[in-house]
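Asks: Mind having a look at this structure? Questions to follow.
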Amino acid sequence: MSIILTTINTRIRRDLLLCKRLGRIAERNVSCTSGRRAQESDGGEGVLRKRLKDTAETLIIGGGCVGVSLAYHLAKLGQKDVVLLEKSELTAGSTWHAAGLTTYYHPGINLKKIHYYSIKLYEQLEAETGQAVGFHQPGSIRIASSASRLDEMKYQMTRTHWHPTPQFLIPPEKVQELCPLLNMDKVLAGLYTPGDGHIDPYSLTMALAAGARMYGAHLYNPAPVTGLLPTPDGKWDVQTPHGTIRANRVVNTAGFWAREVGQMIGLDHPTIPVHHQYVVTATVPEVKALKKELPVIRDLEGSYYLRQERDGLLFGPYEKQEKMVLQDSWVTDGVPPGFGKELFESDLDRIMDHVEMAMEMVPVLKHADIINIVSGPITYTPDLLPMIGPHQGVQNYWTAIGFGYGIIHAGGVGKFLGDWIMSGEPPYDLIECDPNRYSKWTTVPYMCAKARESYGFNNVVGYPKEERFAGRPTCRVSGVYQLLKEKCSMGFHTGWEQPHYFHKPGDDVGYRPSFKRTNWFGPVGRECRLVMEKVGVIDLSPFGKFIVKGKDSHKLLDRLFANTMPKVGLTNISHMLTPRGRVYAELTITQLAPGEFMLITGSGSELHDLRWMERERCDGRYDVDISNVTDDIGVLGVAGPSSRRVLQKLTSEDMSDGAFRFLQCKSIELAGISLRAIRISYTGELGWELYMDMSKMATVYQAIMEAGQEEGIDNFGTYAMASLRLEKGFRGWGAEMNCDTNPLEAGLDYFIKLNKPADFIGKQALLEIKSQGLTRKLSYLTMDTDDVDPEGNETIWHSGKVVGNTTSGAYSYTTQQSIAFGYLPTHLATIGQKVEVELLGRKYPATVVQEPLVQTEPTRTRLQRKARGGA
């Protein structure tokens with residue numbers, strides 16, 4: 001066998017040496033041809049055949065498939081003065097050499113919508129524009145050849161059933177029927193997605209361009225952008241060699257040039273080019289003999305994709321992080337001038353392990369002649385997801401960049417951004433792709449480490465509660481990080497390290513991902529009991545924190561939030577809504593002094609929320625200062641029945657129930673440190689949040705831990721907090737509420753003041769929703785499970801039909817059962833209703849119950865007082 005394999009390897013190496021020589025000749029030909037075309041049509045640097053427009057409503061920088069798709073969609077939606085500027089030729093960059101794969105599949109929830117729309121658009125684009133797109137839809141199969149991979153497929157099936165995406169878990173026999181060229185020795189199952197396939201990227205882009213022009217958009221090339229200058233009224237002067245265009249907004253869709261475009265206005269977008277290679281074979285007789293096209297194969301353990309290319313095969317691997325190559329010189333030195341339709345030198349040694357695995361899975365490859373190997377740049381962000389939407393801190397500057405899979409994203413992203421630009425709000429929640437999830441903590445070394453990890457982990461099993469460790473920690477560590485890091489399992493939250501759970505001697509420590517209960521299950525239960533029975537401390541420093549003050553601060557916040565503003569010294573929970581009445585954000589608001597407010601949001605929403613507030617301040621011309629103090633202020637949560645007694649030992653402030661009421665805020669001294677204390681706890685138990693200078697945090701923490709020894713004080717993490725908040729029926733933003741939900745169906749009526757005088761954003765839409773009545777409601781479910789618990793986004797069934805989805809779930813250690821929130825049609829959202837929740841391919845009985853399962857501490861205290869009064 002080794003002799004045969006050596007012979008095969010030698011043959012492939014010989015073929016690829018020939019391919020390299022041919023590839024270099026082809027590169028020279030492409031470069032010469034491209035230069036000649038530009039010279040013939042535009043002359044040298046480029047004199048455009050048509051006059052550049054003076055103004056634009058939206059100006060798009062970059063003519064790859066994503067940028068052209070946005071031009072097409074904006075023009076089709078009716079926007080006038082849509083302009084696209086391309087520095088050389090349409091498709092130059094990553095589009096022209098892409099493998100063109102299209103799939104409905106995505107592990108993310110709403111990114112499935114992006115994929116779904118793209119495929120439906122591509123199916124009809126040729127008929128609409130008259131331009132052929134070369135779209136093949138033979139379906140695709142993701143191969144499971146391990147038990148954990150099979151669990152992953154079951155996990156993804158329940159996250160897909162409540163979407164329109166067609167997807168099936170099929171047995172080995174069906175896999176072989178659909179793809180007879182596979183070696184079935186290791187195949188346990190396949191995730192089959194009919195309608196998947198591949199498309200010609202060049203033809204797709206040209207069809208979108210034809211459509212864009214047909215609807216009135218203006219596309220210019222070669223028209224490189226040489227400067228971006230903001231104007232006092234929030235517009236942009238976009239400079240080119242051919243003149244300057246005044247644009248109301250700019251959208252950066254510049255692919256691997258996106259970082260350079262961002263640097264024109266002082267932004268360092270965390271995008272980096274990665275070398276990606278794929279191999280094309282000559283005609284393979286067994287392929288040519290097939291009666292229909294092979295489905296696209298994704299061998300996940302082998303980490304490669306394979307599809308039919310005419311009568312041959314095309315396969316592309318994702319190398320491990322130690323072998324993959326970053327083009328990091330482009331980050332520091334910029335993209336070489338003139339680079340556009342060129343390729344990198346191929347490197348067989350990097351992909352040889354995957355070639356051998358592909359030959360084992362698809363034996364006909366052993367005898368195939370390789371006619372080409374393509375090695376080109378694709379752009380990665382640290383987490384592999386693109387950056388889509390308006391950018392915080394810069395008016396009217398948007399991005400659609402960082403696409404590792406731009407072909408399948410192009411159609412859906414063009415529609416998503418087009419709808420957002422036209423309506424003023426995102427059509428659905430896509431915060432995982434928010435460009436504002438990154439900030440100054442995203443350094444070049446971090447970006448490079450994460451890009452390597454993301455590329456190398458491209459096809460690893462995707463577990464719930466997944467953690468990836470490259471590039472960590474960043475500069476974002478709290479004042480107690482050094483004290484806690486050896487005692488716990490840290491999670492990553494927008495650059496921050498935050499304890500998920502703490503381990504004790506005898507615990508099974510380390511990261512043990514699983515689709516079922518794993519090594520953190522016991523420690524989290526211990527922490528829940530700690531908070532319910534004694535007192536626990538949690539690091540909450542990753543919260544986003546803003547100070548809002550100024551002459552118009554109250555007026556601005558009344559416009560932004562659906563709740564009334566709290567009085568001085570008090571706190572409330574408030575929601576920002578979109579014009580359509582969707583929940584854009586949830587924050588706690590404290591009025592510190594007349595006209596001065598402290599706003600707190602979740603770690604993942606920091607700049608997402610700040611951008612929304614800054615935009616409204618600008619549009620409404622409010623005289624308000626908004627300061628982001630997230631990195632300056634450390635936060636400790638102290639919760640549990642003994643929390644008052646512990647804190648009272650460290651302060652002269654009266655912490656009694658009568659003197660320090662629920663949702664009250666006071667400036668106090670604790671262990672000699674000045675800080676702000678708010679009586680609130682996301683666990684639902686008696687508790688306080690303590691806000692202090694980050695540099696004083698360790699001192700305060702150590703004093704609290706020392707003072708609480710007699711009460712049995714200890715640490716707890718975010719996993720325990722999540723379980724406790726679900727027991728209390730607390731909604732979480734990003735789960736029970738987001739831009740896909742309105743606050744009435746989410747059960748947030750108490751916080752929505754429709755009768756307040758201020759015309760808050762979304763008020764009129766909510767009044768209309770209320771008058772029409774709800775079609776679904778958030779319901780509280782208990783479940784009969786075994787060793788698996790709901791996470792959220794699972795399918796809910798009733799009478800054999802899909803009727804809804806969970807939003808979050810956990811194990812309730814207090815009541816000893818699995819619990820979840822989920823959306824159900826109103827006729828099923830009644831107490832006692834029986835439904836089923838699908839987990840790992842099995843449907844578990846669930847019951848709609850009255851919430852909460854466990855009363856909050858303030859409610860218990862109020863009921864006890866009432867009982868005593870009645871007695």
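We name chains A, B, ... following the order of the structure tokens; residues begin at 1 in each chain, and ligands are numbered from 1 as shown.
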Could you pull out all residues of segment 680-837 of chain A with a DSSP call of strand (DSSP E or B) and give them as a CSV table (one decimal) with all heavy atoms, in the first residue's frame?
Replies:
chain,number,residue,atom,x,y,z
A,687,GLY,N,-29.4,40.7,46.1
A,687,GLY,CA,-28.1,41.0,45.6
A,687,GLY,C,-27.8,42.4,45.2
A,687,GLY,O,-28.8,43.2,45.1
A,688,TRP,N,-26.6,42.7,45.0
A,688,TRP,CA,-26.1,44.1,44.6
A,688,TRP,C,-25.1,43.9,43.5
A,688,TRP,O,-24.3,43.0,43.4
A,688,TRP,CB,-25.4,44.8,45.8
A,688,TRP,CG,-26.4,45.4,46.8
A,688,TRP,CD1,-26.8,46.7,46.9
A,688,TRP,CD2,-27.0,44.7,47.9
A,688,TRP,NE1,-27.7,46.8,47.9
A,688,TRP,CE2,-27.8,45.6,48.6
A,688,TRP,CE3,-27.0,43.3,48.3
A,688,TRP,CZ2,-28.6,45.3,49.7
A,688,TRP,CZ3,-27.7,43.0,49.5
A,688,TRP,CH2,-28.5,44.0,50.1
A,689,GLU,N,-25.1,45.0,42.6
A,689,GLU,CA,-24.1,45.1,41.7
A,689,GLU,C,-23.2,46.3,42.1
A,689,GLU,O,-23.8,47.4,42.5
A,689,GLU,CB,-24.6,45.4,40.3
A,689,GLU,CG,-25.2,44.1,39.6
A,689,GLU,CD,-25.8,44.4,38.3
A,689,GLU,OE1,-25.7,45.6,37.8
A,689,GLU,OE2,-26.4,43.5,37.7
A,690,LEU,N,-21.9,46.1,42.2
A,690,LEU,CA,-21.0,47.1,42.7
A,690,LEU,C,-20.1,47.6,41.5
A,690,LEU,O,-19.4,46.8,40.9
A,690,LEU,CB,-20.1,46.5,43.8
A,690,LEU,CG,-20.9,45.8,44.9
A,690,LEU,CD1,-19.9,45.2,45.9
A,690,LEU,CD2,-21.8,46.8,45.7
A,691,TYR,N,-20.2,48.9,41.3
A,691,TYR,CA,-19.5,49.6,40.2
A,691,TYR,C,-18.3,50.4,40.7
A,691,TYR,O,-18.6,51.3,41.5
A,691,TYR,CB,-20.4,50.4,39.3
A,691,TYR,CG,-21.5,49.6,38.6
A,691,TYR,CD1,-22.6,49.2,39.3
A,691,TYR,CD2,-21.3,49.3,37.3
A,691,TYR,CE1,-23.6,48.4,38.6
A,691,TYR,CE2,-22.3,48.6,36.6
A,691,TYR,CZ,-23.4,48.1,37.3
A,691,TYR,OH,-24.3,47.4,36.6
A,692,MET,N,-17.1,50.1,40.3
A,692,MET,CA,-15.9,50.8,40.9
A,692,MET,C,-14.9,51.0,39.8
A,692,MET,O,-14.9,50.4,38.7
A,692,MET,CB,-15.4,49.9,42.0
A,692,MET,CG,-14.7,48.6,41.5
A,692,MET,SD,-14.9,47.2,42.7
A,692,MET,CE,-16.7,46.8,42.5
A,693,ASP,N,-13.9,51.8,40.1
A,693,ASP,CA,-12.8,51.9,39.3
A,693,ASP,C,-12.1,50.6,39.1
A,693,ASP,O,-11.9,49.9,40.1
A,693,ASP,CB,-11.8,52.9,39.9
A,693,ASP,CG,-10.6,53.3,39.0
A,693,ASP,OD1,-9.7,52.4,38.8
A,693,ASP,OD2,-10.6,54.4,38.4
A,714,ASP,N,-18.4,32.2,48.2
A,714,ASP,CA,-17.6,31.6,47.1
A,714,ASP,C,-17.9,32.3,45.8
A,714,ASP,O,-18.8,33.1,45.7
A,714,ASP,CB,-17.8,30.1,47.1
A,714,ASP,CG,-16.6,29.4,46.6
A,714,ASP,OD1,-15.7,30.0,46.0
A,714,ASP,OD2,-16.5,28.2,46.9
A,715,ASN,N,-17.2,31.9,44.8
A,715,ASN,CA,-17.4,32.4,43.4
A,715,ASN,C,-18.5,31.7,42.7
A,715,ASN,O,-18.7,30.5,42.9
A,715,ASN,CB,-16.1,32.4,42.6
A,715,ASN,CG,-15.0,33.1,43.3
A,715,ASN,OD1,-15.0,34.4,43.3
A,715,ASN,ND2,-14.0,32.4,43.8
A,733,TRP,N,-31.8,39.3,26.4
A,733,TRP,CA,-31.7,39.9,25.1
A,733,TRP,C,-30.8,39.0,24.2
A,733,TRP,O,-29.8,38.5,24.7
A,733,TRP,CB,-31.2,41.3,25.1
A,733,TRP,CG,-31.3,42.0,23.8
A,733,TRP,CD1,-32.4,42.7,23.3
A,733,TRP,CD2,-30.4,41.9,22.7
A,733,TRP,NE1,-32.2,43.1,22.0
A,733,TRP,CE2,-31.0,42.6,21.6
A,733,TRP,CE3,-29.1,41.4,22.6
A,733,TRP,CZ2,-30.3,42.8,20.4
A,733,TRP,CZ3,-28.5,41.5,21.3
A,733,TRP,CH2,-29.1,42.2,20.3
A,737,MET,N,-35.7,38.0,23.2
A,737,MET,CA,-36.0,39.3,22.5
A,737,MET,C,-34.8,39.7,21.7
A,737,MET,O,-33.7,39.6,22.1
A,737,MET,CB,-36.3,40.4,23.5
A,737,MET,CG,-35.3,40.6,24.6
A,737,MET,SD,-35.6,41.7,25.8
A,737,MET,CE,-35.2,40.8,27.3
A,776,ARG,N,-48.3,34.9,18.2
A,776,ARG,CA,-47.5,33.9,18.9
A,776,ARG,C,-47.2,34.6,20.2
A,776,ARG,O,-47.2,35.8,20.4
A,776,ARG,CB,-46.3,33.5,18.2
A,776,ARG,CG,-45.3,34.7,17.9
A,776,ARG,CD,-44.0,34.2,17.4
A,776,ARG,NE,-43.0,35.2,17.4
A,776,ARG,CZ,-41.7,35.1,17.2
A,776,ARG,NH1,-41.2,33.8,16.9
A,776,ARG,NH2,-40.8,36.1,17.2
A,777,LYS,N,-46.8,33.8,21.2
A,777,LYS,CA,-46.4,34.3,22.5
A,777,LYS,C,-45.2,33.5,23.1
A,777,LYS,O,-45.1,32.3,22.8
A,777,LYS,CB,-47.6,34.2,23.5
A,777,LYS,CG,-48.7,35.2,23.2
A,777,LYS,CD,-49.8,35.1,24.3
A,777,LYS,CE,-49.3,35.5,25.7
A,777,LYS,NZ,-50.4,35.5,26.7
A,778,LEU,N,-44.4,34.1,23.9
A,778,LEU,CA,-43.3,33.4,24.6
A,778,LEU,C,-43.9,32.6,25.7
A,778,LEU,O,-44.7,33.1,26.5
A,778,LEU,CB,-42.3,34.4,25.1
A,778,LEU,CG,-41.1,33.8,25.7
A,778,LEU,CD1,-40.2,33.2,24.6
A,778,LEU,CD2,-40.3,34.9,26.5
A,779,SER,N,-43.5,31.3,25.7
A,779,SER,CA,-44.1,30.4,26.7
A,779,SER,C,-43.0,29.8,27.5
A,779,SER,O,-41.8,29.7,27.1
A,779,SER,CB,-44.9,29.3,26.0
A,779,SER,OG,-45.9,29.8,25.2
A,780,TYR,N,-43.3,29.4,28.7
A,780,TYR,CA,-42.4,28.8,29.7
A,780,TYR,C,-42.6,27.3,29.8
A,780,TYR,O,-43.7,26.9,30.0
A,780,TYR,CB,-42.6,29.5,31.0
A,780,TYR,CG,-41.5,29.4,32.1
A,780,TYR,CD1,-40.2,29.8,31.8
A,780,TYR,CD2,-41.8,29.0,33.4
A,780,TYR,CE1,-39.2,29.8,32.8
A,780,TYR,CE2,-40.8,28.9,34.3
A,780,TYR,CZ,-39.6,29.3,34.0
A,780,TYR,OH,-38.6,29.3,35.0
A,781,LEU,N,-41.5,26.6,29.5
A,781,LEU,CA,-41.7,25.1,29.3
A,781,LEU,C,-40.8,24.3,30.4
A,781,LEU,O,-39.7,24.7,30.7
A,781,LEU,CB,-41.2,24.7,28.0
A,781,LEU,CG,-41.9,25.3,26.7
A,781,LEU,CD1,-41.2,25.0,25.5
A,781,LEU,CD2,-43.3,24.9,26.7
A,782,THR,N,-41.4,23.3,30.9
A,782,THR,CA,-40.7,22.3,31.6
A,782,THR,C,-40.6,21.1,30.8
A,782,THR,O,-41.5,20.8,30.0
A,782,THR,CB,-41.3,21.9,33.0
A,782,THR,OG1,-42.6,21.4,32.8
A,782,THR,CG2,-41.4,23.1,33.9
A,783,MET,N,-39.5,20.3,30.9
A,783,MET,CA,-39.2,19.2,30.0
A,783,MET,C,-38.8,17.9,30.8
A,783,MET,O,-38.1,18.0,31.8
A,783,MET,CB,-38.2,19.5,29.0
A,783,MET,CG,-38.5,20.7,28.0
A,783,MET,SD,-37.1,21.2,27.0
A,783,MET,CE,-36.7,19.6,26.3
A,795,THR,N,-36.4,22.9,17.8
A,795,THR,CA,-37.7,22.9,17.2
A,795,THR,C,-38.7,22.4,18.2
A,795,THR,O,-38.4,21.4,18.9
A,795,THR,CB,-37.7,22.0,16.0
A,795,THR,OG1,-36.8,22.5,15.0
A,795,THR,CG2,-39.1,21.9,15.3
A,796,ILE,N,-39.9,23.0,18.2
A,796,ILE,CA,-41.0,22.6,19.1
A,796,ILE,C,-42.0,21.9,18.2
A,796,ILE,O,-42.4,22.5,17.1
A,796,ILE,CB,-41.6,23.7,19.9
A,796,ILE,CG1,-40.5,24.4,20.7
A,796,ILE,CG2,-42.7,23.2,20.7
A,796,ILE,CD1,-41.0,25.6,21.5
A,797,TRP,N,-42.5,20.8,18.5
A,797,TRP,CA,-43.5,20.0,17.8
A,797,TRP,C,-44.8,19.9,18.5
A,797,TRP,O,-44.8,19.8,19.7
A,797,TRP,CB,-43.0,18.6,17.5
A,797,TRP,CG,-41.7,18.5,16.6
A,797,TRP,CD1,-40.4,18.7,17.1
A,797,TRP,CD2,-41.6,18.2,15.2
A,797,TRP,NE1,-39.5,18.6,16.0
A,797,TRP,CE2,-40.2,18.3,14.9
A,797,TRP,CE3,-42.5,17.9,14.2
A,797,TRP,CZ2,-39.8,18.0,13.6
A,797,TRP,CZ3,-42.1,17.7,13.0
A,797,TRP,CH2,-40.7,17.7,12.6
A,798,HIS,N,-45.9,19.7,17.7
A,798,HIS,CA,-47.2,19.4,18.3
A,798,HIS,C,-48.0,18.7,17.2
A,798,HIS,O,-48.1,19.1,16.1
A,798,HIS,CB,-47.9,20.7,18.7
A,798,HIS,CG,-49.3,20.4,19.3
A,798,HIS,ND1,-50.5,20.6,18.6
A,798,HIS,CD2,-49.7,19.9,20.5
A,798,HIS,CE1,-51.5,20.2,19.4
A,798,HIS,NE2,-51.0,19.8,20.6
A,801,LYS,N,-46.3,18.2,13.9
A,801,LYS,CA,-46.0,19.4,13.1
A,801,LYS,C,-45.1,20.4,13.8
A,801,LYS,O,-45.2,20.5,15.1
A,801,LYS,CB,-47.3,20.1,12.7
A,801,LYS,CG,-48.2,19.3,11.7
A,801,LYS,CD,-49.5,20.1,11.4
A,801,LYS,CE,-50.4,19.3,10.5
A,801,LYS,NZ,-51.6,20.1,10.1
A,802,VAL,N,-44.3,21.1,13.1
A,802,VAL,CA,-43.5,22.1,13.7
A,802,VAL,C,-44.3,23.3,14.1
A,802,VAL,O,-45.1,23.8,13.2
A,802,VAL,CB,-42.3,22.6,12.7
A,802,VAL,CG1,-41.6,23.7,13.3
A,802,VAL,CG2,-41.4,21.4,12.4
A,803,VAL,N,-44.3,23.7,15.3
A,803,VAL,CA,-45.2,24.8,15.8
A,803,VAL,C,-44.4,26.0,16.4
A,803,VAL,O,-45.0,27.1,16.6
A,803,VAL,CB,-46.2,24.3,16.8
A,803,VAL,CG1,-47.2,23.4,16.1
A,803,VAL,CG2,-45.5,23.7,18.0
A,804,GLY,N,-43.1,25.8,16.6
A,804,GLY,CA,-42.3,26.9,17.2
A,804,GLY,C,-40.9,26.6,17.5
A,804,GLY,O,-40.4,25.5,17.0
A,805,ASN,N,-40.2,27.4,18.3
A,805,ASN,CA,-38.8,27.1,18.6
A,805,ASN,C,-38.5,27.6,20.0
A,805,ASN,O,-39.2,28.6,20.5
A,805,ASN,CB,-37.9,27.9,17.6
A,805,ASN,CG,-38.1,29.4,17.6
A,805,ASN,OD1,-39.0,29.9,17.1
A,805,ASN,ND2,-37.2,30.1,18.3
A,806,THR,N,-37.6,27.0,20.6
A,806,THR,CA,-37.1,27.5,21.9
A,806,THR,C,-36.2,28.7,21.7
A,806,THR,O,-35.7,28.9,20.6
A,806,THR,CB,-36.3,26.4,22.7
A,806,THR,OG1,-35.2,26.0,21.9
A,806,THR,CG2,-37.1,25.1,22.9
A,807,THR,N,-36.0,29.5,22.7
A,807,THR,CA,-35.1,30.6,22.6
A,807,THR,C,-33.9,30.5,23.5
A,807,THR,O,-32.8,30.9,23.2
A,807,THR,CB,-35.9,31.9,23.0
A,807,THR,OG1,-36.5,31.8,24.2
A,807,THR,CG2,-37.0,32.2,21.9
A,808,SER,N,-34.1,29.9,24.7
A,808,SER,CA,-33.0,29.5,25.6
A,808,SER,C,-33.5,28.4,26.5
A,808,SER,O,-34.7,28.2,26.7
A,808,SER,CB,-32.5,30.7,26.4
A,808,SER,OG,-33.5,31.3,27.2
A,809,GLY,N,-32.5,27.7,27.1
A,809,GLY,CA,-32.9,26.6,28.0
A,809,GLY,C,-31.7,26.3,28.9
A,809,GLY,O,-30.6,26.7,28.6
A,810,ALA,N,-32.0,25.5,29.9
A,810,ALA,CA,-31.0,25.1,30.9
A,810,ALA,C,-31.6,24.0,31.8
A,810,ALA,O,-32.8,23.7,31.7
A,810,ALA,CB,-30.5,26.3,31.7
A,811,TYR,N,-30.8,23.5,32.7
A,811,TYR,CA,-31.2,22.6,33.7
A,811,TYR,C,-31.5,23.5,34.9
A,811,TYR,O,-30.7,24.3,35.4
A,811,TYR,CB,-30.2,21.6,34.0
A,811,TYR,CG,-30.7,20.6,35.0
A,811,TYR,CD1,-31.6,19.5,34.7
A,811,TYR,CD2,-30.2,20.6,36.4
A,811,TYR,CE1,-32.0,18.6,35.6
A,811,TYR,CE2,-30.7,19.7,37.3
A,811,TYR,CZ,-31.6,18.7,36.9
A,811,TYR,OH,-32.0,17.8,37.9
A,812,SER,N,-32.7,23.3,35.5
A,812,SER,CA,-33.0,24.0,36.8
A,812,SER,C,-32.6,23.1,38.0
A,812,SER,O,-33.2,22.1,38.2
A,812,SER,CB,-34.5,24.2,36.9
A,812,SER,OG,-34.9,24.6,38.2
A,817,GLN,N,-35.1,19.8,36.9
A,817,GLN,CA,-35.7,19.4,35.6
A,817,GLN,C,-35.2,20.4,34.6
A,817,GLN,O,-34.7,21.5,34.9
A,817,GLN,CB,-37.2,19.5,35.7
A,817,GLN,CG,-37.8,20.9,36.0
A,817,GLN,CD,-39.2,20.9,36.3
A,817,GLN,OE1,-40.0,20.1,35.7
A,817,GLN,NE2,-39.7,21.7,37.2
A,818,SER,N,-35.3,20.0,33.3
A,818,SER,CA,-34.9,20.9,32.2
A,818,SER,C,-36.0,22.0,32.0
A,818,SER,O,-37.2,21.7,32.1
A,818,SER,CB,-34.7,20.2,30.9
A,818,SER,OG,-33.6,19.3,31.0
A,819,ILE,N,-35.6,23.2,31.7
A,819,ILE,CA,-36.6,24.3,31.4
A,819,ILE,C,-36.2,25.1,30.2
A,819,ILE,O,-35.0,25.0,29.8
A,819,ILE,CB,-36.7,25.2,32.7
A,819,ILE,CG1,-35.3,25.8,33.0
A,819,ILE,CG2,-37.3,24.5,33.8
A,819,ILE,CD1,-35.4,26.8,34.1
A,820,ALA,N,-37.1,25.7,29.6
A,820,ALA,CA,-36.8,26.5,28.4
A,820,ALA,C,-37.9,27.5,28.2
A,820,ALA,O,-39.0,27.4,28.6
A,820,ALA,CB,-36.7,25.6,27.2
A,821,PHE,N,-37.5,28.6,27.5
A,821,PHE,CA,-38.5,29.5,26.9
A,821,PHE,C,-38.6,29.1,25.5
A,821,PHE,O,-37.7,28.7,24.8
A,821,PHE,CB,-37.9,31.0,27.0
A,821,PHE,CG,-38.3,31.7,28.2
A,821,PHE,CD1,-37.3,32.2,29.0
A,821,PHE,CD2,-39.6,31.9,28.6
A,821,PHE,CE1,-37.6,33.0,30.2
A,821,PHE,CE2,-39.9,32.6,29.7
A,821,PHE,CZ,-38.9,33.1,30.5
A,822,GLY,N,-39.8,29.4,24.9
A,822,GLY,CA,-40.0,29.1,23.5
A,822,GLY,C,-41.2,29.9,23.0
A,822,GLY,O,-42.2,30.2,23.7
A,823,TYR,N,-41.2,30.2,21.7
A,823,TYR,CA,-42.4,30.8,21.1
A,823,TYR,C,-43.3,29.8,20.5
A,823,TYR,O,-42.9,28.9,19.8
A,823,TYR,CB,-41.9,31.8,20.0
A,823,TYR,CG,-41.4,33.1,20.5
A,823,TYR,CD1,-40.1,33.4,20.7
A,823,TYR,CD2,-42.4,34.1,20.9
A,823,TYR,CE1,-39.7,34.6,21.2
A,823,TYR,CE2,-42.0,35.3,21.4
A,823,TYR,CZ,-40.7,35.6,21.6
A,823,TYR,OH,-40.3,36.8,22.1
A,824,LEU,N,-44.6,30.0,20.8
A,824,LEU,CA,-45.7,29.1,20.3
A,824,LEU,C,-46.8,29.9,19.8
A,824,LEU,O,-47.0,31.1,20.2
A,824,LEU,CB,-46.2,28.3,21.5
A,824,LEU,CG,-45.3,27.2,22.1
A,824,LEU,CD1,-45.9,26.6,23.3
A,824,LEU,CD2,-45.1,26.1,21.0
A,825,PRO,N,-47.6,29.4,18.9
A,825,PRO,CA,-48.8,30.1,18.4
A,825,PRO,C,-49.7,30.3,19.6
A,825,PRO,O,-49.7,29.6,20.6
A,825,PRO,CB,-49.5,29.1,17.5
A,825,PRO,CG,-48.4,28.1,17.1
A,825,PRO,CD,-47.4,28.1,18.2
A,834,LYS,N,-49.5,20.5,26.2
A,834,LYS,CA,-48.4,19.5,26.0
A,834,LYS,C,-47.8,19.7,24.6
A,834,LYS,O,-48.6,19.8,23.6
A,834,LYS,CB,-48.9,18.1,26.1
A,834,LYS,CG,-49.5,17.8,27.5
A,834,LYS,CD,-48.5,17.8,28.6
A,834,LYS,CE,-49.2,17.4,29.9
A,834,LYS,NZ,-48.2,17.4,31.1
A,835,VAL,N,-46.5,19.8,24.5
A,835,VAL,CA,-45.8,19.8,23.2
A,835,VAL,C,-44.6,18.9,23.3
A,835,VAL,O,-44.4,18.2,24.3
A,835,VAL,CB,-45.4,21.3,22.9
A,835,VAL,CG1,-46.6,22.2,22.6
A,835,VAL,CG2,-44.5,21.9,24.0
A,836,GLU,N,-43.8,18.9,22.3
A,836,GLU,CA,-42.5,18.2,22.3
A,836,GLU,C,-41.4,19.1,21.8
A,836,GLU,O,-41.6,19.9,20.9
A,836,GLU,CB,-42.6,17.0,21.4
A,836,GLU,CG,-43.6,15.9,21.8
A,836,GLU,CD,-43.7,14.8,20.8
A,836,GLU,OE1,-44.0,15.1,19.6
A,836,GLU,OE2,-43.5,13.6,21.2
A,837,VAL,N,-40.2,18.9,22.4
A,837,VAL,CA,-39.0,19.7,22.0
A,837,VAL,C,-38.0,18.7,21.5
A,837,VAL,O,-37.7,17.7,22.2
A,837,VAL,CB,-38.4,20.5,23.2
A,837,VAL,CG1,-37.1,21.2,22.8
A,837,VAL,CG2,-39.4,21.5,23.7
Asks: Which residues, written as a VMD selection string, have at least one atom at most 12 Å from Gln816 of chain A, with only C-alpha atoms counted and residues fewer than 5 positions away on the same chain left out?
Replies: chain A and resid 525 528 to 529 723 727 782 to 786 789 810 to 811 853 to 854
Asks: Choose the residue, out of A:Gly243, A:Gly234, A:Gly734, A:Gly334, that has the smallest atom-to-atom separation from Ile272 of chain A; count only C-alpha atoms.
Replies: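 Residue with the minimum atom-to-atom distance to Ile272 of chain A: A:Gly334.
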Asks: Suppose you want the space between atom CA of Asn248 of chain A and atom CA of Thr399 of chain A; what is it in Å?
Replies: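 Separation between atom CA of Asn248 of chain A and atom CA of Thr399 of chain A: 14.6 Å.
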Asks: Which residues are close to Gly108 of chain A, i.e. within 12 Å by only C-alpha atoms, leaving aside same-chain residues fewer than 6 positions away? Reply as an NGL selection string.
Replies: :A and (114-115 or 155-156 or 159-160 or 163 or 385 or 429-433 or 462 or 464 or 792-793)
Asks: Would you mind telling me which residue in A:Leu607, A:Met598, A:Ile199, A:Leu84 lies nearest to Asp625 of chain A when using only C-alpha atoms?
Replies: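 Among the listed residues, the smallest separation from Asp625 of chain A belongs to A:Met598.
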Asks: Excluding Leu560 of chain A and its own-chain neighbours fewer than 5 positions away, which residues fall within 10 Å of it when counting only C-alpha atoms? Please give them as a PyMOL selection string.
Replies: chain A and resi 554-555+574-578+612-613+616-617+758-762
Asks: Choose the residue, out of A:Ser771, A:His242, A:Pro230, A:Glu128, that has the smallest atom-to-atom separation from Ala207 of chain A; count only C-alpha atoms.
Replies: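 Smallest distance to Ala207 of chain A is found for A:Glu128.
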Asks: Using only C-alpha atoms, which protein or nucleic acid residues come within 8 Å of Pro382 of chain A? Drop anything in the same chain fewer than 3 positions from it, and give the result as a PyMOL selection string.
Replies: chain A and resi 270-271+385+446-451+454
